[in-house]
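A quick write-up on the structure given underneath.
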Amino acid sequence: MIVEIEICTKIDDEVINAFTRLLPQLSKTSESPAHKDLEEIIGHSACNVLLARAEKKIVGSLTLVIFPLPTGKRAWIEDVVVDESIRGLGVGEKLNLAAIKIAKKQGVRTIDLTSRPSREAANRLYKRLGFKERATNVYRYES
């Protein structure tokens, strides 16, 4: 299976349908973003939405957020999801490698991500790609 990774540059029915199908596989509480929300995301200078295609069908996505700080340029990888029908076939690895390549090209010092311990395969992948577990707490404020 040939998997191609691309940066999402336009929102159309195919992209909306892909997010509608994929996001519930990431989190049962995730709702599919509206067309205008996706337009805002891909139009934001800090955001890179990567799409994985297999046989021309969108089968995965990843959002890479790159931002400058006084301590250097940083990045976060968020919302990584691969269609459950093809997990384990290297799609997540290709998405992450593409994100790492983009981040390095933009001079990013570090890339962070979070992953629940229950996502064992994803955690193994991140470690294999060179991510290291950090002894830190992650806090969330919900408004």
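Ligands are numbered from 1 in the order shown, residues from 1 within each chain, and chains are lettered A, B, ... in the order they appear in the structure tokens.
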Exercise for review: Could you find all residues in chain A that DSSP calls strand (DSSP E or B) from the backbone, and write them as number ranges by chain?
Suggested key: A: 3-7, 47-54, 57-69, 72-82, 110-112
Keeping N, CA and C atoms for every residue in the selection just given, could you write it to a file as a compact mmCIF listing (two decimals), in the first residue's frame?
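Final file, out.txt:
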# COMPACT_ATOMS: atom_id res chain seq x y z
N VAL A 3 1.33 5.07 0.67
CA VAL A 3 0.74 6.14 1.47
C VAL A 3 1.47 7.43 1.14
N GLU A 4 0.70 8.45 0.81
CA GLU A 4 1.27 9.76 0.52
C GLU A 4 0.81 10.75 1.58
N ILE A 5 1.72 11.63 1.99
CA ILE A 5 1.42 12.64 2.99
C ILE A 5 1.40 14.00 2.30
N GLU A 6 0.39 14.79 2.61
CA GLU A 6 0.29 16.13 2.03
C GLU A 6 -0.16 17.11 3.11
N ILE A 7 0.16 18.37 2.88
CA ILE A 7 -0.36 19.43 3.76
C ILE A 7 -1.71 19.84 3.21
N CYS A 47 -0.30 26.59 12.05
CA CYS A 47 -0.85 25.23 11.90
C CYS A 47 -0.50 24.60 10.57
N ASN A 48 -0.14 23.33 10.64
CA ASN A 48 0.06 22.50 9.46
C ASN A 48 -0.78 21.25 9.66
N VAL A 49 -1.84 21.10 8.90
CA VAL A 49 -2.66 19.90 8.98
C VAL A 49 -2.17 18.95 7.90
N LEU A 50 -1.64 17.81 8.34
CA LEU A 50 -1.14 16.81 7.40
C LEU A 50 -2.20 15.76 7.18
N LEU A 51 -2.35 15.35 5.93
CA LEU A 51 -3.29 14.29 5.57
C LEU A 51 -2.52 13.13 4.99
N ALA A 52 -2.92 11.92 5.37
CA ALA A 52 -2.35 10.71 4.79
C ALA A 52 -3.38 10.13 3.83
N ARG A 53 -2.91 9.80 2.63
CA ARG A 53 -3.80 9.19 1.62
C ARG A 53 -3.27 7.82 1.24
N ALA A 54 -4.18 6.87 1.14
CA ALA A 54 -3.88 5.54 0.62
C ALA A 54 -4.94 5.26 -0.44
N LYS A 57 -7.66 7.85 -0.86
CA LYS A 57 -8.60 8.09 0.24
C LYS A 57 -7.83 8.62 1.44
N ILE A 58 -8.39 9.63 2.11
CA ILE A 58 -7.77 10.16 3.33
C ILE A 58 -7.94 9.12 4.44
N VAL A 59 -6.82 8.64 4.97
CA VAL A 59 -6.85 7.58 5.98
C VAL A 59 -6.21 8.00 7.30
N GLY A 60 -5.74 9.24 7.37
CA GLY A 60 -5.14 9.70 8.61
C GLY A 60 -4.86 11.18 8.57
N SER A 61 -4.65 11.74 9.75
CA SER A 61 -4.29 13.16 9.83
C SER A 61 -3.47 13.43 11.08
N LEU A 62 -2.80 14.56 11.06
CA LEU A 62 -1.96 15.01 12.16
C LEU A 62 -1.91 16.53 12.06
N THR A 63 -1.95 17.20 13.20
CA THR A 63 -1.80 18.65 13.20
C THR A 63 -0.48 19.00 13.88
N LEU A 64 0.34 19.74 13.16
CA LEU A 64 1.62 20.23 13.65
C LEU A 64 1.49 21.73 13.88
N VAL A 65 1.73 22.17 15.11
CA VAL A 65 1.65 23.58 15.45
C VAL A 65 3.06 24.07 15.78
N ILE A 66 3.51 25.09 15.06
CA ILE A 66 4.86 25.63 15.24
C ILE A 66 4.74 27.08 15.71
N PHE A 67 5.48 27.40 16.79
CA PHE A 67 5.34 28.74 17.36
C PHE A 67 6.66 29.21 17.96
N PRO A 68 6.94 30.52 17.87
CA PRO A 68 8.16 31.06 18.46
C PRO A 68 7.94 31.41 19.93
N LEU A 69 8.96 31.19 20.72
CA LEU A 69 8.97 31.55 22.14
C LEU A 69 10.29 32.25 22.44
N GLY A 72 13.10 29.89 22.11
CA GLY A 72 13.34 29.24 20.82
C GLY A 72 12.05 28.78 20.17
N LYS A 73 12.16 28.41 18.93
CA LYS A 73 11.00 27.95 18.18
C LYS A 73 10.64 26.53 18.61
N ARG A 74 9.38 26.31 18.90
CA ARG A 74 8.90 25.01 19.40
C ARG A 74 7.77 24.50 18.51
N ALA A 75 7.42 23.24 18.73
CA ALA A 75 6.29 22.65 17.99
C ALA A 75 5.56 21.66 18.87
N TRP A 76 4.28 21.50 18.57
CA TRP A 76 3.44 20.48 19.19
C TRP A 76 2.81 19.66 18.09
N ILE A 77 2.74 18.37 18.30
CA ILE A 77 1.98 17.48 17.43
C ILE A 77 0.70 17.16 18.17
N GLU A 78 -0.41 17.34 17.50
CA GLU A 78 -1.73 17.12 18.10
C GLU A 78 -2.61 16.30 17.16
N ASP A 79 -3.63 15.72 17.74
CA ASP A 79 -4.73 15.08 17.00
C ASP A 79 -4.25 14.12 15.91
N VAL A 80 -3.33 13.23 16.29
CA VAL A 80 -2.87 12.21 15.36
C VAL A 80 -3.90 11.10 15.33
N VAL A 81 -4.40 10.80 14.15
CA VAL A 81 -5.38 9.72 14.03
C VAL A 81 -5.19 9.01 12.70
N VAL A 82 -5.23 7.68 12.77
CA VAL A 82 -5.17 6.83 11.58
C VAL A 82 -6.41 5.96 11.60
N THR A 110 12.47 21.90 19.64
CA THR A 110 11.87 20.70 20.23
C THR A 110 10.45 20.53 19.71
N ILE A 111 10.03 19.28 19.68
CA ILE A 111 8.65 18.93 19.31
C ILE A 111 8.08 18.14 20.48
N ASP A 112 6.93 18.57 20.97
CA ASP A 112 6.26 17.87 22.06
C ASP A 112 4.97 17.25 21.56
Practice item. Go through A:Val138, A:Val91, A:Ile86, A:Met1 and flag the residue nearest Arg116 (chain A), using only C-alpha atoms for the distances. Key: A:Val138
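Nearest to Phe131 (chain A) of all the residues A:Ser115, A:Ala46, A:Gly90, A:Asp12 is A:Ser115, based on only C-alpha atoms.
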**Study point:** Who sits within 9 Å of Glu93 (chain A), only C-alpha atoms, same chain under 3 positions skipped, as a VMD selection string
**Key:** chain A and resid 89 to 90 96 to 98 125 to 126 129
Residues from last step as file, C-alpha atoms, as an mmCIF file, in the first residue's frame:
data_model
loop_
_atom_site.group_PDB
_atom_site.id
_atom_site.type_symbol
_atom_site.label_atom_id
_atom_site.label_comp_id
_atom_site.auth_asym_id
_atom_site.auth_seq_id
_atom_site.Cartn_x
_atom_site.Cartn_y
_atom_site.Cartn_z
ATOM 1 C CA LEU A 89 0.679 -0.431 8.481
ATOM 2 C CA GLY A 90 3.005 2.547 8.966
ATOM 3 C CA ASN A 96 5.009 11.828 12.202
ATOM 4 C CA LEU A 97 8.131 11.687 10.031
ATOM 5 C CA ALA A 98 6.618 14.280 7.698
ATOM 6 C CA LEU A 125 6.015 4.477 17.715
ATOM 7 C CA TYR A 126 6.874 7.799 19.348
ATOM 8 C CA LEU A 129 10.993 7.858 16.320
#
**Study point:** Contacts of Leu38 (chain A) within 12 Å, only C-alpha atoms, excl. fewer than 2 positions in-chain, as a list of chain:residue names
**Key:** A:Cys8, A:Thr9, A:Lys10, A:Ile11, A:Asp12, A:Asp13, A:Val15, A:Ile16, A:Asn17, A:Ala18, A:Phe19, A:Thr20, A:Ser32, A:Pro33, A:Ala34, A:His35, A:Lys36, A:Glu40, A:Ile41, A:Ile42, A:Gly43, A:His44, A:Cys47, A:Asn48, A:Val49, A:Thr63
Please, could you write that set of residues out with N, CA and C atoms as a tab-separated table (two decimals), in the first residue's frame?
chain	number	residue	atom	x	y	z
A	8	CYS	N	-2.69	19.89	4.08
A	8	CYS	CA	-4.04	20.28	3.67
A	8	CYS	C	-4.04	21.78	3.36
A	9	THR	N	-4.44	22.12	2.14
A	9	THR	CA	-4.45	23.52	1.72
A	9	THR	C	-5.85	24.03	1.40
A	10	LYS	N	-6.82	23.14	1.35
A	10	LYS	CA	-8.20	23.57	1.09
A	10	LYS	C	-9.16	22.62	1.79
A	11	ILE	N	-10.29	23.17	2.17
A	11	ILE	CA	-11.32	22.38	2.83
A	11	ILE	C	-12.44	22.14	1.84
A	12	ASP	N	-12.70	20.87	1.58
A	12	ASP	CA	-13.80	20.50	0.70
A	12	ASP	C	-14.57	19.36	1.36
A	13	ASP	N	-15.57	18.84	0.66
A	13	ASP	CA	-16.39	17.78	1.24
A	13	ASP	C	-15.56	16.55	1.61
A	15	VAL	N	-12.46	16.41	2.71
A	15	VAL	CA	-11.74	16.66	3.96
A	15	VAL	C	-12.72	16.66	5.13
A	16	ILE	N	-13.85	17.30	4.97
A	16	ILE	CA	-14.86	17.33	6.03
A	16	ILE	C	-15.33	15.91	6.35
A	17	ASN	N	-15.60	15.12	5.32
A	17	ASN	CA	-16.04	13.73	5.53
A	17	ASN	C	-14.95	12.91	6.21
A	18	ALA	N	-13.69	13.16	5.86
A	18	ALA	CA	-12.59	12.43	6.49
A	18	ALA	C	-12.51	12.74	7.98
A	19	PHE	N	-12.61	14.02	8.34
A	19	PHE	CA	-12.57	14.39	9.76
A	19	PHE	C	-13.79	13.84	10.50
A	20	THR	N	-14.93	13.84	9.84
A	20	THR	CA	-16.14	13.28	10.45
A	20	THR	C	-15.96	11.79	10.75
A	32	SER	N	-16.88	16.53	14.90
A	32	SER	CA	-16.25	16.96	13.66
A	32	SER	C	-16.30	18.48	13.57
A	33	PRO	N	-15.17	19.11	13.26
A	33	PRO	CA	-15.18	20.57	13.16
A	33	PRO	C	-15.99	21.03	11.96
A	34	ALA	N	-16.57	22.20	12.10
A	34	ALA	CA	-17.34	22.79	11.00
A	34	ALA	C	-16.39	23.26	9.91
A	35	HIS	N	-16.95	23.44	8.72
A	35	HIS	CA	-16.17	23.90	7.57
A	35	HIS	C	-15.38	25.17	7.92
A	36	LYS	N	-16.04	26.15	8.54
A	36	LYS	CA	-15.36	27.42	8.87
A	36	LYS	C	-14.24	27.21	9.88
A	40	GLU	N	-10.29	28.01	9.29
A	40	GLU	CA	-9.49	28.82	10.21
A	40	GLU	C	-8.20	28.10	10.59
A	41	ILE	N	-8.30	26.80	10.83
A	41	ILE	CA	-7.12	26.02	11.22
A	41	ILE	C	-6.09	26.01	10.11
A	42	ILE	N	-6.51	25.64	8.89
A	42	ILE	CA	-5.51	25.55	7.82
A	42	ILE	C	-5.01	26.93	7.38
A	43	GLY	N	-5.78	27.97	7.68
A	43	GLY	CA	-5.36	29.32	7.34
A	43	GLY	C	-4.45	29.96	8.38
A	44	HIS	N	-4.31	29.31	9.52
A	44	HIS	CA	-3.49	29.86	10.61
A	44	HIS	C	-2.02	29.61	10.31
A	47	CYS	N	-0.30	26.59	12.05
A	47	CYS	CA	-0.85	25.23	11.90
A	47	CYS	C	-0.50	24.60	10.57
A	48	ASN	N	-0.14	23.33	10.64
A	48	ASN	CA	0.06	22.50	9.46
A	48	ASN	C	-0.78	21.25	9.66
A	49	VAL	N	-1.84	21.10	8.90
A	49	VAL	CA	-2.66	19.90	8.98
A	49	VAL	C	-2.17	18.95	7.90
A	63	THR	N	-1.95	17.20	13.20
A	63	THR	CA	-1.80	18.65	13.20
A	63	THR	C	-0.48	19.00	13.88
Check your understanding: What is the CA of Gly107 (chain A) to CA of Pro70 (chain A) distance in Å?
Key -> 14.0 Å
**Study point:** Distance of CA of Ser30 (chain A) from CA of Leu113 (chain A), expressed in Å to one decimal place
**Key:**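 The value is 18.0 Å.
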Check your understanding: Could you work out how far CA of Ala99 (chain A) lies from CA of Gly130 (chain A), giving the answer in Å with one decimal?
Key ->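 Separation of CA of Gly130 (chain A) and CA of Ala99 (chain A): 13.2 Å.
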